Amino acid sequence: KAGVTQTPRYLIKTRGQQVTLSCSPISGHRSVSWYQQTPGQGLQFLFEYFSETQRNKGNFPGRFSGRQFSNSRSEMNVSTLELGDSALYLCASSLALGPETQYFGPGTRLLVL
Amino acid sequence: DQQVKQNSPSLSVQEGRISILNCDYTNSMFDYFLWYKKYPAEGPTFLISISSIKDKNEDGRFTVFLNKSAKHLSLHIVPSQPGDSAVYFCAAVANAGGTSYGKLTFGQGTILTVHP
């Protein structure tokens, strides 16, 4: 079974630009969550999507947004990039049938210059 | 407000000995806990979990203990192997029986080094 895939793996942007990251969950998984990992803050929850609806949201500004498509694939968008947005962005998928474990992708490393 | 804390940034252990990684939490609503292992340039990999209705869960060399009154959990690895060297994260879920189980709150991680 293929794992969670994220594209692109690496990205360099400049301040003020916007970026879109993509996540393809494990086949059959209906829930997709996004996390930001930085050295200072660790792993922080961004949001979770289930059946194309945002079900949970973390404490991030409105510049961070996401969506989920009917095939469960998800994208997250960050507008007006700031230097502090440089991080590893991780996507995780789960069956969403209960407190299931989440399976993480390898992440997208974003560098904002 | 760090609701899940791993107070030891690093731990060094000899191969064959026991590794004990600790995690404390403050949110009484957490009712499901997980441990993840992470290698550089990879996403976290699930290791073991425990529901708040249990105090112990075992899977091979890995055992997780939960002390709800102390709001403390620990991961024991016996025996430790050099391949276990990685960053270990504990994570918690609140209201796991509802719709919040997609939201994990992570600790800062502990770097485990197992020496041959």
# chains A, B, ... in the order shown; residues from 1 in each chain; ligands from 1

$ interface_residues --of "chain A" --to "chain B" --cutoff "6 Å" --atoms "only C-alpha atoms" --output "ChimeraX atom specification"
/A:42-43,99,104-106

$ residues_around --residues "Thr113 (chain B)" --least-positions-apart "3" --cutoff "12 Å" --atoms "only C-alpha atoms" --output "compact mmCIF listing (two decimals) with all heavy atoms, in the first residue's frame"
# COMPACT_ATOMS: atom_id res chain seq x y z
N PRO B 9 15.44 16.90 26.51
CA PRO B 9 15.69 17.08 25.08
C PRO B 9 16.46 15.91 24.47
O PRO B 9 16.32 15.62 23.29
CB PRO B 9 16.53 18.35 25.01
CG PRO B 9 16.35 19.02 26.31
CD PRO B 9 16.08 17.93 27.31
N SER B 10 17.25 15.23 25.31
CA SER B 10 18.04 14.13 24.77
C SER B 10 18.25 13.05 25.82
O SER B 10 18.15 13.31 27.03
CB SER B 10 19.39 14.63 24.25
OG SER B 10 20.14 15.18 25.31
N LEU B 11 18.53 11.84 25.33
CA LEU B 11 18.79 10.70 26.20
C LEU B 11 19.80 9.81 25.50
O LEU B 11 19.67 9.51 24.31
CB LEU B 11 17.50 9.93 26.45
CG LEU B 11 17.59 8.63 27.25
CD1 LEU B 11 17.98 8.93 28.69
CD2 LEU B 11 16.26 7.87 27.21
N SER B 12 20.81 9.38 26.25
CA SER B 12 21.85 8.51 25.70
C SER B 12 21.86 7.20 26.47
O SER B 12 21.89 7.21 27.71
CB SER B 12 23.21 9.20 25.79
OG SER B 12 24.21 8.42 25.20
N VAL B 13 21.80 6.08 25.75
CA VAL B 13 21.69 4.77 26.38
C VAL B 13 22.63 3.79 25.70
O VAL B 13 22.88 3.90 24.49
CB VAL B 13 20.23 4.27 26.28
CG1 VAL B 13 20.08 2.83 26.71
CG2 VAL B 13 19.30 5.15 27.09
N GLN B 14 23.09 2.82 26.46
CA GLN B 14 23.94 1.76 25.89
C GLN B 14 23.05 0.69 25.26
O GLN B 14 21.96 0.36 25.78
CB GLN B 14 24.79 1.15 27.01
CG GLN B 14 26.09 0.50 26.56
CD GLN B 14 27.08 1.51 26.00
OE1 GLN B 14 27.11 2.66 26.43
NE2 GLN B 14 27.88 1.08 25.05
N GLU B 15 23.53 0.14 24.18
CA GLU B 15 22.80 -0.94 23.52
C GLU B 15 22.51 -2.08 24.50
O GLU B 15 23.36 -2.45 25.31
CB GLU B 15 23.64 -1.49 22.36
CG GLU B 15 22.97 -2.63 21.59
CD GLU B 15 23.83 -3.12 20.42
OE1 GLU B 15 25.00 -2.68 20.29
OE2 GLU B 15 23.33 -3.95 19.64
N ARG B 17 20.44 -1.97 26.97
CA ARG B 17 19.86 -1.46 28.21
C ARG B 17 18.45 -0.92 27.93
O ARG B 17 18.00 -0.85 26.81
CB ARG B 17 20.75 -0.36 28.81
CG ARG B 17 22.19 -0.77 29.01
CD ARG B 17 22.33 -1.86 30.07
NE ARG B 17 22.02 -1.39 31.41
CZ ARG B 17 22.93 -0.91 32.24
NH1 ARG B 17 24.19 -0.81 31.88
NH2 ARG B 17 22.56 -0.53 33.46
N ILE B 18 17.80 -0.47 28.98
CA ILE B 18 16.45 0.08 28.85
C ILE B 18 16.52 1.58 28.55
O ILE B 18 17.36 2.30 29.11
CB ILE B 18 15.63 -0.17 30.13
CG1 ILE B 18 14.19 0.32 29.96
CG2 ILE B 18 16.27 0.48 31.34
CD1 ILE B 18 13.26 -0.09 31.09
N SER B 19 15.67 2.02 27.65
CA SER B 19 15.48 3.45 27.40
C SER B 19 14.12 3.84 27.96
O SER B 19 13.13 3.15 27.69
CB SER B 19 15.50 3.77 25.90
OG SER B 19 16.74 3.52 25.32
N ILE B 20 14.09 4.92 28.73
CA ILE B 20 12.83 5.41 29.29
C ILE B 20 12.66 6.86 28.87
O ILE B 20 13.46 7.72 29.23
CB ILE B 20 12.81 5.29 30.83
CG1 ILE B 20 12.97 3.83 31.24
CG2 ILE B 20 11.49 5.86 31.37
CD1 ILE B 20 13.05 3.62 32.75
N LEU B 21 11.62 7.10 28.09
CA LEU B 21 11.32 8.45 27.65
C LEU B 21 10.05 8.91 28.34
O LEU B 21 9.07 8.17 28.43
CB LEU B 21 11.14 8.49 26.12
CG LEU B 21 12.39 8.11 25.34
CD1 LEU B 21 12.30 6.69 24.80
CD2 LEU B 21 12.62 9.08 24.21
N TYR B 39 12.87 9.98 12.09
CA TYR B 39 14.23 10.09 11.57
C TYR B 39 14.34 11.38 10.78
O TYR B 39 13.33 11.90 10.28
CB TYR B 39 14.55 8.90 10.66
CG TYR B 39 14.60 7.57 11.36
CD1 TYR B 39 13.69 6.56 11.06
CD2 TYR B 39 15.58 7.29 12.31
CE1 TYR B 39 13.75 5.33 11.67
CE2 TYR B 39 15.64 6.06 12.94
CZ TYR B 39 14.71 5.09 12.61
OH TYR B 39 14.77 3.86 13.24
N SER B 80 17.27 -1.78 24.18
CA SER B 80 17.51 -0.71 23.21
C SER B 80 18.51 -1.19 22.15
O SER B 80 19.44 -1.94 22.44
CB SER B 80 18.07 0.52 23.91
OG SER B 80 17.17 0.99 24.91
N GLN B 81 18.27 -0.72 20.93
CA GLN B 81 19.15 -1.09 19.81
C GLN B 81 19.62 0.18 19.11
O GLN B 81 18.92 1.19 19.12
CB GLN B 81 18.39 -1.97 18.82
CG GLN B 81 17.86 -3.26 19.40
CD GLN B 81 16.96 -4.02 18.45
OE1 GLN B 81 16.61 -3.53 17.38
NE2 GLN B 81 16.58 -5.24 18.83
N PRO B 82 20.79 0.13 18.48
CA PRO B 82 21.28 1.34 17.79
C PRO B 82 20.28 1.89 16.77
O PRO B 82 20.17 3.10 16.58
CB PRO B 82 22.56 0.85 17.11
CG PRO B 82 23.05 -0.24 18.00
CD PRO B 82 21.80 -0.94 18.48
N GLY B 83 19.50 1.03 16.14
CA GLY B 83 18.49 1.46 15.17
C GLY B 83 17.34 2.23 15.80
O GLY B 83 16.54 2.84 15.09
N ASP B 84 17.28 2.21 17.13
CA ASP B 84 16.25 2.99 17.82
C ASP B 84 16.63 4.46 17.93
O ASP B 84 15.81 5.29 18.33
CB ASP B 84 16.02 2.44 19.25
CG ASP B 84 15.47 1.03 19.24
OD1 ASP B 84 14.74 0.66 18.29
OD2 ASP B 84 15.77 0.27 20.19
N SER B 85 17.85 4.80 17.59
CA SER B 85 18.30 6.19 17.66
C SER B 85 17.47 7.05 16.72
O SER B 85 17.45 6.84 15.50
CB SER B 85 19.78 6.28 17.29
OG SER B 85 20.58 5.55 18.21
N ALA B 86 16.76 8.01 17.30
CA ALA B 86 15.83 8.86 16.54
C ALA B 86 15.27 9.90 17.50
O ALA B 86 15.61 9.92 18.68
CB ALA B 86 14.70 8.03 15.95
N VAL B 87 14.39 10.74 17.00
CA VAL B 87 13.65 11.66 17.86
C VAL B 87 12.31 11.02 18.18
O VAL B 87 11.62 10.53 17.28
CB VAL B 87 13.42 13.03 17.18
CG1 VAL B 87 12.65 13.96 18.12
CG2 VAL B 87 14.75 13.65 16.77
N TYR B 88 11.95 11.02 19.44
CA TYR B 88 10.69 10.43 19.88
C TYR B 88 9.75 11.54 20.35
O TYR B 88 10.12 12.37 21.19
CB TYR B 88 10.94 9.42 21.01
CG TYR B 88 11.59 8.17 20.50
CD1 TYR B 88 12.95 8.14 20.21
CD2 TYR B 88 10.84 7.01 20.27
CE1 TYR B 88 13.55 7.00 19.71
CE2 TYR B 88 11.44 5.86 19.79
CZ TYR B 88 12.79 5.86 19.49
OH TYR B 88 13.38 4.73 19.00
N THR B 110 12.21 14.08 22.17
CA THR B 110 13.43 13.69 22.87
C THR B 110 14.32 12.95 21.88
O THR B 110 13.86 12.00 21.23
CB THR B 110 13.14 12.78 24.07
OG1 THR B 110 12.37 13.48 25.04
CG2 THR B 110 14.43 12.28 24.72
N PRO B 116 26.39 1.54 20.50
CA PRO B 116 26.72 0.11 20.39
C PRO B 116 27.65 -0.32 21.52
O PRO B 116 28.39 0.49 22.08
CB PRO B 116 27.42 -0.01 19.04
CG PRO B 116 27.10 1.23 18.30
CD PRO B 116 26.85 2.30 19.34

$ residues_around --residues "Ala87 (chain A)" --least-positions-apart "4" --cutoff "10 Å" --atoms "only C-alpha atoms" --output "PyMOL selection string"
chain A and resi 35-39+42-43+83+107-112

$ atom_distance --atom1 "CA of Gln3 (chain B)" --atom2 "CA of Leu73 (chain B)"
13.3 Å

$ residues_around --residues "Tyr25 (chain B)" --least-positions-apart "4" --cutoff "7 Å" --atoms "only C-alpha atoms" --output "tab-separated table (two decimals) with N, CA, C and O atoms, in the first residue's frame"
chain	number	residue	atom	x	y	z
B	3	GLN	N	0.92	22.15	26.31
B	3	GLN	CA	0.04	21.20	27.00
B	3	GLN	C	0.67	19.82	27.11
B	3	GLN	O	0.23	19.02	27.93
B	4	VAL	N	1.63	19.54	26.25
B	4	VAL	CA	2.34	18.26	26.30
B	4	VAL	C	3.83	18.58	26.36
B	4	VAL	O	4.34	19.30	25.50
B	5	LYS	N	4.49	18.07	27.39
B	5	LYS	CA	5.88	18.42	27.59
B	5	LYS	C	6.78	17.20	27.67
B	5	LYS	O	6.46	16.24	28.39
B	71	LYS	N	-0.71	12.72	35.46
B	71	LYS	CA	-0.70	13.26	34.09
B	71	LYS	C	0.68	13.01	33.46
B	71	LYS	O	1.34	13.94	32.95
B	72	HIS	N	1.08	11.79	33.50
B	72	HIS	CA	2.42	11.40	33.06
B	72	HIS	C	2.35	10.10	32.28
B	72	HIS	O	1.63	9.17	32.65

$ residues_around --residues "Asn56 (chain A)" --least-positions-apart "2" --cutoff "6 Å" --atoms "only C-alpha atoms" --output "JSON, numbers by chain"
{"A": [47, 48, 54]}

$ residues_around --residues "Glu52 (chain A)" --least-positions-apart "5" --cutoff "12 Å" --atoms "only C-alpha atoms" --output "PyMOL selection string"
chain A and resi 30-33+66-75

$ write_last_selection --atoms "all heavy atoms" --output "short mmCIF file (atom, residue, chain, number, x, y, z; two decimals), in the first residue's frame"
data_model
loop_
_atom_site.label_atom_id
_atom_site.label_comp_id
_atom_site.auth_asym_id
_atom_site.auth_seq_id
_atom_site.Cartn_x
_atom_site.Cartn_y
_atom_site.Cartn_z
N ARG A 30 -9.78 8.91 4.87
CA ARG A 30 -10.69 10.01 4.59
C ARG A 30 -10.32 11.30 5.30
O ARG A 30 -10.87 12.36 5.01
CB ARG A 30 -12.11 9.60 4.99
CG ARG A 30 -12.61 8.36 4.26
CD ARG A 30 -13.81 7.77 4.96
NE ARG A 30 -14.96 8.63 4.89
CZ ARG A 30 -16.06 8.45 5.61
NH1 ARG A 30 -16.13 7.47 6.49
NH2 ARG A 30 -17.08 9.26 5.48
N SER A 31 -9.44 11.20 6.26
CA SER A 31 -9.06 12.37 7.03
C SER A 31 -7.63 12.77 6.70
O SER A 31 -6.75 11.92 6.59
CB SER A 31 -9.17 12.07 8.53
OG SER A 31 -8.55 13.08 9.29
N VAL A 32 -7.42 14.06 6.54
CA VAL A 32 -6.07 14.59 6.31
C VAL A 32 -5.83 15.73 7.29
O VAL A 32 -6.66 16.63 7.41
CB VAL A 32 -5.92 15.11 4.86
CG1 VAL A 32 -4.57 15.81 4.70
CG2 VAL A 32 -6.02 13.96 3.87
N SER A 33 -4.71 15.65 7.99
CA SER A 33 -4.33 16.71 8.92
C SER A 33 -3.00 17.30 8.48
O SER A 33 -2.18 16.62 7.85
CB SER A 33 -4.17 16.15 10.35
OG SER A 33 -5.40 15.66 10.84
N GLY A 66 -6.60 25.75 3.87
CA GLY A 66 -6.49 24.45 3.21
C GLY A 66 -7.80 24.06 2.59
O GLY A 66 -8.82 24.76 2.71
N ARG A 67 -7.75 22.95 1.91
CA ARG A 67 -8.97 22.38 1.37
C ARG A 67 -8.74 20.90 1.09
O ARG A 67 -7.60 20.44 1.00
CB ARG A 67 -9.42 23.10 0.10
CG ARG A 67 -8.41 23.10 -1.04
CD ARG A 67 -9.00 23.79 -2.25
NE ARG A 67 -8.03 23.91 -3.34
CZ ARG A 67 -8.36 24.28 -4.58
NH1 ARG A 67 -9.62 24.54 -4.89
NH2 ARG A 67 -7.44 24.37 -5.52
N GLN A 68 -9.84 20.19 0.94
CA GLN A 68 -9.76 18.78 0.62
C GLN A 68 -10.70 18.50 -0.54
O GLN A 68 -11.81 19.03 -0.60
CB GLN A 68 -10.16 17.91 1.82
CG GLN A 68 -9.95 16.42 1.57
CD GLN A 68 -10.35 15.58 2.77
OE1 GLN A 68 -11.28 15.91 3.50
NE2 GLN A 68 -9.65 14.48 2.99
N PHE A 69 -10.24 17.68 -1.45
CA PHE A 69 -11.01 17.36 -2.64
C PHE A 69 -11.80 16.07 -2.43
O PHE A 69 -11.59 15.34 -1.46
CB PHE A 69 -10.07 17.24 -3.85
CG PHE A 69 -9.28 18.50 -4.10
CD1 PHE A 69 -8.00 18.64 -3.59
CD2 PHE A 69 -9.83 19.56 -4.81
CE1 PHE A 69 -7.26 19.80 -3.79
CE2 PHE A 69 -9.12 20.72 -5.02
CZ PHE A 69 -7.83 20.84 -4.51
N SER A 70 -12.67 15.79 -3.36
CA SER A 70 -13.54 14.61 -3.23
C SER A 70 -12.77 13.30 -3.20
O SER A 70 -13.24 12.29 -2.70
CB SER A 70 -14.59 14.59 -4.35
OG SER A 70 -13.95 14.57 -5.62
N ASN A 71 -11.56 13.30 -3.74
CA ASN A 71 -10.74 12.08 -3.70
C ASN A 71 -9.85 12.03 -2.46
O ASN A 71 -8.95 11.22 -2.38
CB ASN A 71 -9.88 11.97 -4.97
CG ASN A 71 -8.91 13.13 -5.11
OD1 ASN A 71 -8.89 14.05 -4.29
ND2 ASN A 71 -8.11 13.10 -6.16
N SER A 72 -10.13 12.90 -1.50
CA SER A 72 -9.43 13.02 -0.22
C SER A 72 -8.07 13.71 -0.30
O SER A 72 -7.48 14.00 0.73
CB SER A 72 -9.26 11.65 0.47
OG SER A 72 -10.50 11.16 0.86
N ARG A 73 -7.59 13.98 -1.48
CA ARG A 73 -6.35 14.75 -1.61
C ARG A 73 -6.56 16.13 -0.99
O ARG A 73 -7.67 16.66 -1.01
CB ARG A 73 -5.93 14.88 -3.06
CG ARG A 73 -4.53 15.45 -3.29
CD ARG A 73 -4.18 15.48 -4.77
NE ARG A 73 -4.92 16.50 -5.50
CZ ARG A 73 -4.58 17.77 -5.57
NH1 ARG A 73 -3.49 18.19 -4.94
NH2 ARG A 73 -5.31 18.62 -6.27
N SER A 74 -5.49 16.67 -0.43
CA SER A 74 -5.63 17.95 0.26
C SER A 74 -4.52 18.90 -0.17
O SER A 74 -3.43 18.47 -0.58
CB SER A 74 -5.57 17.72 1.77
OG SER A 74 -5.62 18.95 2.48
N GLU A 75 -4.82 20.15 -0.11
CA GLU A 75 -3.83 21.19 -0.34
C GLU A 75 -3.87 22.17 0.82
O GLU A 75 -4.93 22.39 1.42
CB GLU A 75 -4.14 21.96 -1.64
CG GLU A 75 -3.89 21.19 -2.91
CD GLU A 75 -4.20 22.02 -4.16
OE1 GLU A 75 -4.82 23.09 -4.04
OE2 GLU A 75 -3.81 21.56 -5.25
#

$ decode --residues "region 60-73 of chain A" --atoms "all heavy atoms" --output "short mmCIF file (atom, residue, chain, number, x, y, z; two decimals), in the first residue's frame"
data_model
loop_
_atom_site.label_atom_id
_atom_site.label_comp_id
_atom_site.auth_asym_id
_atom_site.auth_seq_id
_atom_site.Cartn_x
_atom_site.Cartn_y
_atom_site.Cartn_z
N PHE A 60 -3.46 29.15 14.16
CA PHE A 60 -2.64 29.80 13.15
C PHE A 60 -3.44 30.92 12.50
O PHE A 60 -4.67 30.88 12.45
CB PHE A 60 -2.20 28.78 12.07
CG PHE A 60 -1.02 27.95 12.49
CD1 PHE A 60 -1.18 26.85 13.31
CD2 PHE A 60 0.26 28.29 12.06
CE1 PHE A 60 -0.07 26.10 13.71
CE2 PHE A 60 1.36 27.54 12.42
CZ PHE A 60 1.18 26.45 13.26
N PRO A 61 -2.72 31.95 12.01
CA PRO A 61 -3.45 33.07 11.39
C PRO A 61 -4.16 32.65 10.11
O PRO A 61 -3.89 31.60 9.54
CB PRO A 61 -2.33 34.09 11.11
CG PRO A 61 -1.07 33.31 11.12
CD PRO A 61 -1.28 32.18 12.06
N GLY A 62 -5.06 33.54 9.66
CA GLY A 62 -5.86 33.23 8.49
C GLY A 62 -5.06 33.09 7.20
O GLY A 62 -5.59 32.64 6.19
N ARG A 63 -3.78 33.48 7.24
CA ARG A 63 -2.93 33.31 6.05
C ARG A 63 -2.77 31.83 5.69
O ARG A 63 -2.43 31.49 4.56
CB ARG A 63 -1.54 33.91 6.30
CG ARG A 63 -1.50 35.38 6.61
CD ARG A 63 -0.08 35.89 6.68
NE ARG A 63 0.70 35.29 7.76
CZ ARG A 63 1.67 34.40 7.58
NH1 ARG A 63 2.00 34.00 6.36
NH2 ARG A 63 2.34 33.91 8.62
N PHE A 64 -3.00 31.00 6.68
CA PHE A 64 -2.90 29.54 6.47
C PHE A 64 -4.30 29.00 6.19
O PHE A 64 -5.22 29.17 6.98
CB PHE A 64 -2.33 28.85 7.71
CG PHE A 64 -0.89 29.18 7.98
CD1 PHE A 64 -0.55 30.36 8.64
CD2 PHE A 64 0.11 28.33 7.59
CE1 PHE A 64 0.77 30.68 8.88
CE2 PHE A 64 1.45 28.62 7.84
CZ PHE A 64 1.78 29.81 8.49
N SER A 65 -4.44 28.37 5.07
CA SER A 65 -5.73 27.81 4.70
C SER A 65 -5.53 26.47 4.01
O SER A 65 -4.41 26.12 3.61
CB SER A 65 -6.51 28.75 3.79
OG SER A 65 -5.81 28.93 2.57
N GLY A 66 -6.60 25.75 3.87
CA GLY A 66 -6.49 24.45 3.21
C GLY A 66 -7.80 24.06 2.59
O GLY A 66 -8.82 24.76 2.71
N ARG A 67 -7.75 22.95 1.91
CA ARG A 67 -8.97 22.38 1.37
C ARG A 67 -8.74 20.90 1.09
O ARG A 67 -7.60 20.44 1.00
CB ARG A 67 -9.42 23.10 0.10
CG ARG A 67 -8.41 23.10 -1.04
CD ARG A 67 -9.00 23.79 -2.25
NE ARG A 67 -8.03 23.91 -3.34
CZ ARG A 67 -8.36 24.28 -4.58
NH1 ARG A 67 -9.62 24.54 -4.89
NH2 ARG A 67 -7.44 24.37 -5.52
N GLN A 68 -9.84 20.19 0.94
CA GLN A 68 -9.76 18.78 0.62
C GLN A 68 -10.70 18.50 -0.54
O GLN A 68 -11.81 19.03 -0.60
CB GLN A 68 -10.16 17.91 1.82
CG GLN A 68 -9.95 16.42 1.57
CD GLN A 68 -10.35 15.58 2.77
OE1 GLN A 68 -11.28 15.91 3.50
NE2 GLN A 68 -9.65 14.48 2.99
N PHE A 69 -10.24 17.68 -1.45
CA PHE A 69 -11.01 17.36 -2.64
C PHE A 69 -11.80 16.07 -2.43
O PHE A 69 -11.59 15.34 -1.46
CB PHE A 69 -10.07 17.24 -3.85
CG PHE A 69 -9.28 18.50 -4.10
CD1 PHE A 69 -8.00 18.64 -3.59
CD2 PHE A 69 -9.83 19.56 -4.81
CE1 PHE A 69 -7.26 19.80 -3.79
CE2 PHE A 69 -9.12 20.72 -5.02
CZ PHE A 69 -7.83 20.84 -4.51
N SER A 70 -12.67 15.79 -3.36
CA SER A 70 -13.54 14.61 -3.23
C SER A 70 -12.77 13.30 -3.20
O SER A 70 -13.24 12.29 -2.70
CB SER A 70 -14.59 14.59 -4.35
OG SER A 70 -13.95 14.57 -5.62
N ASN A 71 -11.56 13.30 -3.74
CA ASN A 71 -10.74 12.08 -3.70
C ASN A 71 -9.85 12.03 -2.46
O ASN A 71 -8.95 11.22 -2.38
CB ASN A 71 -9.88 11.97 -4.97
CG ASN A 71 -8.91 13.13 -5.11
OD1 ASN A 71 -8.89 14.05 -4.29
ND2 ASN A 71 -8.11 13.10 -6.16
N SER A 72 -10.13 12.90 -1.50
CA SER A 72 -9.43 13.02 -0.22
C SER A 72 -8.07 13.71 -0.30
O SER A 72 -7.48 14.00 0.73
CB SER A 72 -9.26 11.65 0.47
OG SER A 72 -10.50 11.16 0.86
N ARG A 73 -7.59 13.98 -1.48
CA ARG A 73 -6.35 14.75 -1.61
C ARG A 73 -6.56 16.13 -0.99
O ARG A 73 -7.67 16.66 -1.01
CB ARG A 73 -5.93 14.88 -3.06
CG ARG A 73 -4.53 15.45 -3.29
CD ARG A 73 -4.18 15.48 -4.77
NE ARG A 73 -4.92 16.50 -5.50
CZ ARG A 73 -4.58 17.77 -5.57
NH1 ARG A 73 -3.49 18.19 -4.94
NH2 ARG A 73 -5.31 18.62 -6.27
#
